[in-house]
file input21.pdb (PDB, C-alpha atoms and all ligand atoms)
ATOM      1  CA  MET A  77     116.669  80.999  80.849
ATOM      2  CA  SER A  78     115.125  83.837  82.856
ATOM      3  CA  VAL A  79     111.389  83.881  83.407
ATOM      4  CA  LEU A  80     111.426  87.654  83.405
ATOM      5  CA  SER A  81     114.225  90.058  82.562
ATOM      6  CA  CYS A  82     114.868  93.511  81.241
ATOM      7  CA  MET A  83     117.630  95.033  79.182
ATOM      8  CA  ASN A  84     118.734  98.672  79.288
ATOM      9  CA  VAL A  85     115.377  99.881  80.586
ATOM     10  CA  SER A  86     115.021 103.615  81.133
ATOM     11  CA  LYS A  87     111.998 105.576  82.274
ATOM     12  CA  LEU A  88     111.507 109.275  81.795
ATOM     13  CA  PHE A  89     108.251 110.603  83.286
ATOM     14  CA  GLN A  90     107.009 113.044  80.641
ATOM     15  CA  ASP A  91     104.917 115.131  83.054
ATOM     16  CA  ASN A  92     107.819 116.288  85.244
ATOM     17  CA  GLY A  93     110.790 115.309  83.045
ATOM     18  CA  PHE A  94     112.118 113.062  85.821
ATOM     19  CA  GLU A  95     114.391 110.199  84.779
ATOM     20  CA  ALA A  96     113.340 107.513  87.267
ATOM     21  CA  LEU A  97     115.271 104.606  85.689
ATOM     22  CA  ARG A  98     118.535 104.728  83.797
ATOM     23  CA  SER A  99     119.532 101.790  81.640
ATOM     24  CA  ILE A 100     118.531  99.004  84.009
ATOM     25  CA  SER A 101     119.150  95.338  83.255
ATOM     26  CA  ILE A 102     117.999  92.640  85.664
ATOM     27  CA  SER A 103     116.868  89.032  85.443
ATOM     28  CA  ILE A 104     114.723  86.676  87.485
ATOM     29  CA  GLY A 105     115.444  82.983  87.050
ATOM     30  CA  GLU A 106     112.964  80.117  87.388
ATOM     31  CA  GLY A 107     112.126  79.621  91.077
ATOM     32  CA  GLU A 108     114.517  82.371  92.054
ATOM     33  CA  SER A 109     113.742  85.082  94.600
ATOM     34  CA  VAL A 110     115.313  88.339  93.571
ATOM     35  CA  GLY A 111     115.316  91.395  95.796
ATOM     36  CA  ILE A 112     115.366  95.073  94.927
ATOM     37  CA  VAL A 113     116.542  97.289  97.736
ATOM     38  CA  GLY A 114     117.153 101.028  97.827
ATOM     39  CA  GLU A 115     116.036 104.242  99.430
ATOM     40  CA  SER A 116     112.664 105.896  98.838
ATOM     41  CA  GLY A 117     112.481 107.385  95.351
ATOM     42  CA  SER A 118     115.283 105.237  93.941
ATOM     43  CA  GLY A 119     112.903 103.760  91.354
ATOM     44  CA  LYS A 120     112.062 100.346  92.833
ATOM     45  CA  SER A 121     108.299 100.487  92.223
ATOM     46  CA  THR A 122     108.763 102.018  88.769
ATOM     47  CA  LEU A 123     111.015  99.093  87.832
ATOM     48  CA  GLY A 124     108.533  96.594  89.314
ATOM     49  CA  SER A 125     105.675  98.082  87.252
ATOM     50  CA  ILE A 126     107.674  98.037  84.044
ATOM     51  CA  ILE A 127     109.065  94.529  84.350
ATOM     52  CA  GLY A 128     105.558  93.249  85.179
ATOM     53  CA  GLY A 129     104.078  95.008  82.148
ATOM     54  CA  LEU A 130     101.910  97.499  84.070
ATOM     55  CA  ASP A 131     103.884 100.446  82.699
ATOM     56  CA  LYS A 132     105.979 100.952  79.567
ATOM     57  CA  PRO A 133     109.668 101.870  79.522
ATOM     58  CA  THR A 134     110.809 104.943  77.601
ATOM     59  CA  ASP A 135     113.710 102.894  76.342
ATOM     60  CA  GLY A 136     114.866  99.287  76.587
ATOM     61  CA  THR A 137     113.114  95.919  76.512
ATOM     62  CA  VAL A 138     111.348  93.583  78.935
ATOM     63  CA  PHE A 139     111.522  89.859  78.172
ATOM     64  CA  TYR A 140     109.168  87.086  79.299
ATOM     65  CA  HIS A 141     110.875  83.732  78.657
ATOM     66  CA  GLY A 142     113.113  85.548  76.210
ATOM     67  CA  THR A 143     110.287  87.178  74.214
ATOM     68  CA  ASP A 144     109.943  90.962  74.075
ATOM     69  CA  ILE A 145     106.677  91.600  75.963
ATOM     70  CA  SER A 146     105.762  94.474  73.625
ATOM     71  CA  SER A 147     105.404  91.850  70.860
ATOM     72  CA  LEU A 148     103.006  89.613  72.856
ATOM     73  CA  LYS A 149      99.501  89.443  71.389
ATOM     74  CA  GLY A 150      96.206  87.697  72.209
ATOM     75  CA  GLY A 151      96.622  84.441  74.127
ATOM     76  CA  ALA A 152     100.357  84.941  74.628
ATOM     77  CA  PHE A 153      99.725  88.328  76.227
ATOM     78  CA  ARG A 154      96.982  86.895  78.463
ATOM     79  CA  GLN A 155      99.325  84.091  79.506
ATOM     80  CA  PHE A 156     101.964  86.696  80.449
ATOM     81  CA  ARG A 157      99.390  88.710  82.433
ATOM     82  CA  ARG A 158      98.236  85.658  84.334
ATOM     83  CA  SER A 159     101.788  84.465  84.978
ATOM     84  CA  VAL A 160     102.976  87.687  86.541
ATOM     85  CA  GLN A 161     101.017  88.701  89.636
ATOM     86  CA  TYR A 162     101.476  91.514  92.138
ATOM     87  CA  ILE A 163     101.225  92.026  95.885
ATOM     88  CA  PHE A 164     101.233  95.662  96.968
ATOM     89  CA  GLN A 165     101.800  97.536 100.201
ATOM     90  CA  ASP A 166      98.177  98.515 100.768
ATOM     91  CA  PRO A 167      96.055  95.382 100.283
ATOM     92  CA  LYS A 168      92.688  97.042 100.893
ATOM     93  CA  GLY A 169      93.472  99.838  98.419
ATOM     94  CA  ALA A 170      93.521  97.258  95.638
ATOM     95  CA  MET A 171      90.157  95.719  96.590
ATOM     96  CA  ASN A 172      86.697  96.922  95.634
ATOM     97  CA  PRO A 173      85.154  97.976  98.993
ATOM     98  CA  TYR A 174      81.664  96.981  97.799
ATOM     99  CA  PHE A 175      82.709  93.396  97.077
ATOM    100  CA  THR A 176      82.753  90.569  99.615
ATOM    101  CA  LEU A 177      86.180  88.936  99.895
ATOM    102  CA  ARG A 178      84.705  85.930  98.081
ATOM    103  CA  ARG A 179      83.986  88.151  95.085
ATOM    104  CA  VAL A 180      87.370  89.888  95.435
ATOM    105  CA  LEU A 181      88.957  86.456  94.960
ATOM    106  CA  ILE A 182      86.610  84.965  92.388
ATOM    107  CA  GLU A 183      86.489  87.842  89.870
ATOM    108  CA  PRO A 184      90.139  87.722  88.741
ATOM    109  CA  LEU A 185      90.068  83.932  88.795
ATOM    110  CA  ARG A 186      87.034  83.916  86.507
ATOM    111  CA  ILE A 187      88.838  86.221  84.075
ATOM    112  CA  ASN A 188      91.989  84.091  84.085
ATOM    113  CA  PHE A 189      90.205  80.749  83.759
ATOM    114  CA  PRO A 190      87.068  81.450  81.690
ATOM    115  CA  GLY A 191      86.424  77.731  81.134
ATOM    116  CA  ILE A 192      86.037  76.817  84.793
ATOM    117  CA  GLY A 193      82.548  76.591  86.351
ATOM    118  CA  LYS A 194      81.287  78.583  89.353
ATOM    119  CA  THR A 195      81.357  75.707  91.861
ATOM    120  CA  GLU A 196      84.922  74.784  90.956
ATOM    121  CA  LEU A 197      85.986  78.448  91.249
ATOM    122  CA  GLU A 198      84.361  78.675  94.697
ATOM    123  CA  ASN A 199      86.077  75.472  95.795
ATOM    124  CA  ARG A 200      89.455  76.784  94.681
ATOM    125  CA  VAL A 201      88.862  80.034  96.554
ATOM    126  CA  GLU A 202      87.862  78.262  99.779
ATOM    127  CA  GLU A 203      90.836  75.923  99.589
ATOM    128  CA  MET A 204      93.237  78.819  98.985
ATOM    129  CA  VAL A 205      91.819  80.823 101.895
ATOM    130  CA  GLY A 206      92.640  77.854 104.137
ATOM    131  CA  LYS A 207      96.172  77.738 102.731
ATOM    132  CA  VAL A 208      96.786  81.371 103.660
ATOM    133  CA  GLY A 209      95.636  80.610 107.201
ATOM    134  CA  LEU A 210      92.137  82.098 107.225
ATOM    135  CA  PRO A 211      88.728  80.537 107.965
ATOM    136  CA  ALA A 212      86.302  80.200 105.041
ATOM    137  CA  SER A 213      83.791  82.350 106.976
ATOM    138  CA  ILE A 214      85.953  85.419 106.282
ATOM    139  CA  LEU A 215      84.851  85.234 102.632
ATOM    140  CA  ASP A 216      81.509  86.818 103.535
ATOM    141  CA  ALA A 217      83.224  89.921 104.962
ATOM    142  CA  HIS A 218      84.046  93.103 103.058
ATOM    143  CA  PRO A 219      87.616  94.457 102.861
ATOM    144  CA  TYR A 220      86.966  97.164 105.477
ATOM    145  CA  GLU A 221      85.753  94.558 107.994
ATOM    146  CA  VAL A 222      89.089  92.692 108.261
ATOM    147  CA  SER A 223      92.475  93.615 109.739
ATOM    148  CA  GLY A 224      95.477  94.712 107.674
ATOM    149  CA  GLY A 225      97.145  91.338 108.174
ATOM    150  CA  GLU A 226      94.013  89.434 107.144
ATOM    151  CA  ALA A 227      93.611  91.687 104.101
ATOM    152  CA  GLN A 228      97.216  91.002 103.075
ATOM    153  CA  ARG A 229      96.581  87.243 103.395
ATOM    154  CA  ILE A 230      93.554  87.651 101.106
ATOM    155  CA  ALA A 231      95.714  89.654  98.693
ATOM    156  CA  ILE A 232      98.257  86.815  98.730
ATOM    157  CA  ALA A 233      95.475  84.283  98.085
ATOM    158  CA  ARG A 234      94.331  86.393  95.128
ATOM    159  CA  THR A 235      97.898  86.478  93.834
ATOM    160  CA  LEU A 236      98.388  82.718  94.155
ATOM    161  CA  LEU A 237      95.034  81.625  92.674
ATOM    162  CA  PRO A 238      95.977  82.232  89.001
ATOM    163  CA  GLU A 239      99.044  79.986  89.576
ATOM    164  CA  PRO A 240     101.607  82.622  88.605
ATOM    165  CA  GLU A 241     105.189  81.964  87.564
ATOM    166  CA  VAL A 242     106.403  85.253  89.016
ATOM    167  CA  ILE A 243     105.130  87.265  91.973
ATOM    168  CA  ILE A 244     106.164  90.887  92.237
ATOM    169  CA  ALA A 245     105.849  91.860  95.905
ATOM    170  CA  ASP A 246     106.262  95.618  96.372
ATOM    171  CA  GLU A 247     106.766  96.558 100.049
ATOM    172  CA  CYS A 248     104.178  93.880 100.768
ATOM    173  CA  VAL A 249     104.605  93.897 104.550
ATOM    174  CA  SER A 250     105.593  97.540 105.162
ATOM    175  CA  SER A 251     102.146  98.522 106.384
ATOM    176  CA  LEU A 252     101.888  95.665 108.893
ATOM    177  CA  ASP A 253     102.916  95.341 112.557
ATOM    178  CA  LEU A 254     106.253  93.600 113.072
ATOM    179  CA  SER A 255     104.770  90.336 114.411
ATOM    180  CA  ILE A 256     102.301  90.185 111.504
ATOM    181  CA  GLN A 257     105.126  90.997 109.054
ATOM    182  CA  ALA A 258     106.946  87.855 110.132
ATOM    183  CA  GLU A 259     103.798  85.719 109.722
ATOM    184  CA  VAL A 260     103.112  87.060 106.245
ATOM    185  CA  ILE A 261     106.735  86.651 105.123
ATOM    186  CA  ASN A 262     106.743  83.073 106.343
ATOM    187  CA  LEU A 263     103.495  82.453 104.509
ATOM    188  CA  LEU A 264     105.149  83.750 101.319
ATOM    189  CA  ARG A 265     108.202  81.561 101.902
ATOM    190  CA  HIS A 266     105.915  78.576 102.297
ATOM    191  CA  ALA A 267     104.026  79.513  99.109
ATOM    192  CA  ARG A 268     107.339  79.849  97.309
ATOM    193  CA  THR A 269     108.383  76.330  98.273
ATOM    194  CA  GLU A 270     104.997  74.868  97.470
ATOM    195  CA  THR A 271     104.467  76.547  94.078
ATOM    196  CA  GLY A 272     108.059  77.026  92.860
ATOM    197  CA  ALA A 273     107.113  80.565  91.782
ATOM    198  CA  SER A 274     109.817  83.172  91.250
ATOM    199  CA  PHE A 275     109.696  86.392  93.230
ATOM    200  CA  LEU A 276     110.714  89.969  92.650
ATOM    201  CA  PHE A 277     110.753  91.175  96.225
ATOM    202  CA  ILE A 278     110.888  94.960  96.504
ATOM    203  CA  SER A 279     111.728  96.461  99.885
ATOM    204  CA  HIS A 280     113.710  99.199 101.575
ATOM    205  CA  ASP A 281     114.458  96.681 104.367
ATOM    206  CA  LEU A 282     117.753  94.935 103.624
ATOM    207  CA  ASP A 283     117.341  92.459 106.459
ATOM    208  CA  LEU A 284     113.947  91.343 105.136
ATOM    209  CA  VAL A 285     115.348  91.019 101.615
ATOM    210  CA  ARG A 286     118.202  88.915 102.915
ATOM    211  CA  TYR A 287     115.750  86.632 104.741
ATOM    212  CA  PHE A 288     113.586  86.151 101.666
ATOM    213  CA  CYS A 289     115.852  86.355  98.618
ATOM    214  CA  ASP A 290     118.628  84.516  96.825
ATOM    215  CA  ARG A 291     120.063  87.606  95.129
ATOM    216  CA  VAL A 292     119.526  91.319  95.580
ATOM    217  CA  TYR A 293     119.956  94.300  93.280
ATOM    218  CA  VAL A 294     120.855  97.496  95.094
ATOM    219  CA  MET A 295     119.291 100.614  93.532
ATOM    220  CA  LEU A 296     120.260 104.243  93.932
ATOM    221  CA  HIS A 297     118.890 107.200  91.957
ATOM    222  CA  GLY A 298     117.398 105.061  89.214
ATOM    223  CA  ARG A 299     120.477 102.915  88.657
ATOM    224  CA  ILE A 300     121.559  99.448  89.767
ATOM    225  CA  VAL A 301     124.594  99.929  91.972
ATOM    226  CA  GLU A 302     125.400  96.225  92.260
ATOM    227  CA  CYS A 303     123.938  92.744  92.546
ATOM    228  CA  LEU A 304     124.796  90.560  95.519
ATOM    229  CA  ASP A 305     124.321  86.977  96.591
ATOM    230  CA  CYS A 306     122.230  87.227  99.774
ATOM    231  CA  ARG A 307     124.405  84.639 101.531
ATOM    232  CA  HIS A 308     127.560  86.689 101.036
ATOM    233  CA  MET A 309     126.434  90.292 101.204
ATOM    234  CA  GLU A 310     129.193  91.573 103.459
ATOM    235  CA  GLU A 311     131.974  89.909 101.461
ATOM    236  CA  GLU A 312     130.591  90.947  98.074
ATOM    237  CA  ALA A 313     129.463  94.503  98.810
ATOM    238  CA  ALA A 314     131.808  96.807  96.895
ATOM    239  CA  SER A 315     129.958 100.137  96.762
ATOM    240  CA  GLU A 316     129.946 102.647  99.590
ATOM    241  CA  TYR A 317     126.158 102.865  99.337
ATOM    242  CA  THR A 318     125.649  99.125  99.917
ATOM    243  CA  LYS A 319     128.119  99.180 102.775
ATOM    244  CA  MET A 320     126.118 102.016 104.311
ATOM    245  CA  LEU A 321     122.875  99.997 103.951
ATOM    246  CA  LEU A 322     124.547  97.019 105.627
ATOM    247  CA  GLU A 323     125.833  99.222 108.415
ATOM    248  CA  ASP A 324     122.351 100.711 108.922
ATOM    249  CA  ALA A 325     120.851  97.225 109.102
ATOM    250  CA  TYR A 326     123.471  95.431 111.176
ATOM    251  CA  GLY A 327     125.801  98.083 112.646
ATOM    252  CA  LYS A 328     129.574  98.149 112.281
ATOM    253  CA  ASP A 329     131.423  94.890 112.870
TER     254      ASP A 329
HETATM  255  N1  LIG A 401     103.837 108.817  87.531
HETATM  256  C1  LIG A 401     104.916 109.518  87.889
HETATM  257  N2  LIG A 401     105.162 110.745  87.363
HETATM  258  C2  LIG A 401     106.260 111.442  87.699
HETATM  259  N3  LIG A 401     107.221 111.025  88.546
HETATM  260  C3  LIG A 401     107.039 109.819  89.117
HETATM  261  C4  LIG A 401     105.893 109.003  88.814
HETATM  262  N4  LIG A 401     105.995 107.846  89.516
HETATM  263  C5  LIG A 401     107.139 107.943  90.218
HETATM  264  N5  LIG A 401     107.783 109.111  89.987
HETATM  265  C6  LIG A 401     109.063 109.538  90.547
HETATM  266  O1  LIG A 401     110.034 108.568  90.219
HETATM  267  C7  LIG A 401     110.910 108.331  91.317
HETATM  268  C8  LIG A 401     110.942 106.890  91.658
HETATM  269  O2  LIG A 401     109.679 106.518  92.203
HETATM  270  P1  LIG A 401     109.380 105.058  92.739
HETATM  271  O3  LIG A 401     107.994 105.064  93.241
HETATM  272  O4  LIG A 401     109.732 104.077  91.693
HETATM  273  O5  LIG A 401     110.424 104.944  93.947
HETATM  274  P2  LIG A 401     110.544 103.809  95.067
HETATM  275  O6  LIG A 401     111.974 103.401  95.090
HETATM  276  O7  LIG A 401     109.532 102.764  94.842
HETATM  277  O8  LIG A 401     110.219 104.617  96.393
HETATM  278  P3  LIG A 401     109.480 104.141  97.763
HETATM  279  O9  LIG A 401     110.528 103.357  98.531
HETATM  280  O10 LIG A 401     109.126 105.402  98.436
HETATM  281  O11 LIG A 401     108.311 103.308  97.382
HETATM  282  C9  LIG A 401     110.410 109.221  92.462
HETATM  283  O12 LIG A 401     111.219 110.373  92.522
HETATM  284  C10 LIG A 401     109.005 109.559  92.068
HETATM  285  O13 LIG A 401     108.638 110.830  92.543
HETATM  286 MG    MG A 402     107.901 102.063  95.947
END
call {"tool": "encode", "arguments": {"input": "input21.pdb", "output": "structure tokens", "more": "lines below"}}
Ligand SMILES: Nc1ncnc2c1ncn2[C@@H]1O[C@H](COP(=O)(O)OP(=O)(O)OP(=O)(O)O)[C@@H](O)[C@H]1O
Ligand SMILES: [Mg+2]
result
Amino acid sequence: MSVLSCMNVSKLFQDNGFEALRSISISIGEGESVGIVGESGSGKSTLGSIIGGLDKPTDGTVFYHGTDISSLKGGAFRQFRRSVQYIFQDPKGAMNPYFTLRRVLIEPLRINFPGIGKTELENRVEEMVGKVGLPASILDAHPYEVSGGEAQRIAIARTLLPEPEVIIADECVSSLDLSIQAEVINLLRHARTETGASFLFISHDLDLVRYFCDRVYVMLHGRIVECLDCRHMEEEAASEYTKMLLEDAYGKD
């Protein structure tokens, strides 16, 4: 069964009457890495927010282990919230600038595991910071005192600490230099192997998606054009749009 899926999801933004998603159905299996690729404005982030429960669809249903998320209450809803974590493009934008990185990491952990004591929380944070390749001393810094790559590693640590089942990564390396991009992607691949978490990997970069994912949904103007196995993209691509994306990424063969 899918960890997370959606059926016939549409999104109409009331303020401007824009239909950002049109009857979208996708699924993310246990331990699977699923990509969403498509041009700017195609609805990738809107879909990511809705399937992760941050925004509501105008129509259609999102399922967490087969249960409609709009019916989740109390502990079941908290479990869903903890199990689905995000990594965004701008890591510092999602951190309180007045907090040290230690506090940035401990606060959400405290909320997710209210029964765990302060020392244990601090130990978990220090251990996780090591796992994402940073020294424990960085925990005393504030978000504005670290580089973009370091901030994204902290953001990844924050995402991994609640032990999520699904990580929704939305353009999570787009703001980084190419060499740092590769380091962060490899860190995520390592985390994926170690934790068995599923990923919804959103990117406009087809090559990156291919490197990271098992399957990819191609989006255009709020619709899914097709879904491809990342190992056989060229053979499976049927739509002109996907062929164009492949040609942009790899040239004509
Ligand atoms: N809150 C909102 N109100 C109105 N329109 C919105 C809102 N959020 C997004 N949109 C519109 O919905 C469309 C899809 O936006 P979305 O951010 O999902 O695209 P995207 O594929 O993630 O693009 P990018 O690659 O640039 O991140 C865009 O045309 C955008 O302007
Ligand atoms: Mg986006």
call {"tool": "residues_around", "arguments": {"input": "input21.pdb", "residues": "stretch 182-187 of chain A", "least_positions_apart": "4", "cutoff": "12 Å", "atoms": "only C-alpha atoms", "output": "ChimeraX atom specification"}}
result
/A:154-155,157-158,161,171-172,175-178,191-202,204-205,215,230-231,233-240
call {"tool": "closest_atom_pairs", "arguments": {"input": "input21.pdb", "of": "chain A", "to": "ligand LIG 401 (chain A)", "cutoff": "7 Å", "atoms": "only C-alpha atoms and all ligand atoms", "output": "CSV"}}
result
residue,atom,partner,partner_atom,distance
A:Phe89,CA,A:LIG401,C2,4.9
A:Asp91,CA,A:LIG401,C2,6.1
A:Asn92,CA,A:LIG401,C2,5.7
A:Phe94,CA,A:LIG401,N3,6.0
A:Ala96,CA,A:LIG401,O1,4.6
A:Gly114,CA,A:LIG401,O6,6.3
A:Glu115,CA,A:LIG401,O9,5.7
A:Ser116,CA,A:LIG401,O9,3.3
A:Gly117,CA,A:LIG401,O5,3.5
A:Ser118,CA,A:LIG401,O6,4.0
A:Gly119,CA,A:LIG401,O4,3.2
A:Lys120,CA,A:LIG401,O6,3.8
A:Ser121,CA,A:LIG401,O7,3.7
A:Thr122,CA,A:LIG401,O4,3.7
A:Leu123,CA,A:LIG401,O4,6.4
A:His280,CA,A:LIG401,O9,6.1
call {"tool": "atom_distance", "arguments": {"input": "input21.pdb", "atom1": "atom CA of A:Val138", "atom2": "atom CA of A:Leu282"}}
result
25.5 Å
call {"tool": "atom_distance", "arguments": {"input": "input21.pdb", "atom1": "atom CA of A:Ser101", "atom2": "atom CA of A:Glu311"}}
result
22.9 Å
call {"tool": "residues_around", "arguments": {"input": "input21.pdb", "residues": "A:Gly225", "least_positions_apart": "2", "cutoff": "9 Å", "atoms": "all atoms listed in the file", "output": "list in words"}}
result
Pro167, Val222, Ser223, Ala227, Gln228, Arg229, Ile230, Val249, Ser251, Leu252, Asp253, Ile256, Gln257, Glu259 and Val260 of chain A
call {"tool": "atom_distance", "arguments": {"input": "input21.pdb", "atom1": "atom CA of A:Lys132", "atom2": "atom CA of A:Glu241"}}
result
20.6 Å
call {"tool": "closest_residue", "arguments": {"input": "input21.pdb", "among": "A:Ile163, A:Gly129, A:Ser250, A:Asn84", "to": "A:Leu148", "atoms": "only C-alpha atoms"}}
result
A:Gly129
call {"tool": "residues_around", "arguments": {"input": "input21.pdb", "residues": "A:Leu321", "least_positions_apart": "6", "cutoff": "12 Å", "atoms": "all atoms listed in the file", "output": "PyMOL selection string"}}
result
chain A and resi 113-115+280-283+285+294-296+309-310+313-315+327-328
call {"tool": "axis_aligned_box", "arguments": {"input": "input21.pdb", "around": "stretch 215-233 of chain A", "padding_each_side": "6 Å", "output": "AutoDock Vina command-line options"}}
result
--center_x 89.9 --center_y 90.7 --center_z 103.9 --size_x 28.7 --size_y 24.9 --size_z 23.7
call {"tool": "closest_residue", "arguments": {"input": "input21.pdb", "among": "A:Ser125, A:Ser213, A:Ser81, A:Gln90", "to": "ligand MG 402 (chain A)", "atoms": "all atoms listed in the file"}}
result
A:Ser125
call {"tool": "residues_near_point", "arguments": {"input": "input21.pdb", "point": "(103.9, 83.3, 96.7)", "cutoff": "8 Å", "atoms": "all atoms listed in the file", "output": "PyMOL selection string"}}
result
chain A and resi 232+235-236+243+263-268+271+273+275
call {"tool": "closest_residue", "arguments": {"input": "input21.pdb", "among": "A:Gly107, A:Pro219, A:Gly272, A:Gly124", "to": "A:Pro173", "atoms": "all atoms listed in the file"}}
result
A:Pro219
call {"tool": "closest_residue", "arguments": {"input": "input21.pdb", "among": "A:Glu270, A:Glu106, A:Asp246, A:Glu316", "to": "ligand MG 402 (chain A)", "atoms": "only C-alpha atoms and all ligand atoms"}}
result
A:Asp246
call {"tool": "residues_near_point", "arguments": {"input": "input21.pdb", "point": "(114.1, 102.8, 85.2)", "cutoff": "9 Å", "atoms": "only C-alpha atoms", "output": "list in words"}}
result
Asn84, Val85, Ser86, Lys87, Leu88, Glu95, Ala96, Leu97, Arg98, Ser99, Ile100, Gly119, Lys120, Thr122, Leu123, Ile126, Pro133, Thr134, Asp135, Gly298 and Arg299 of chain A
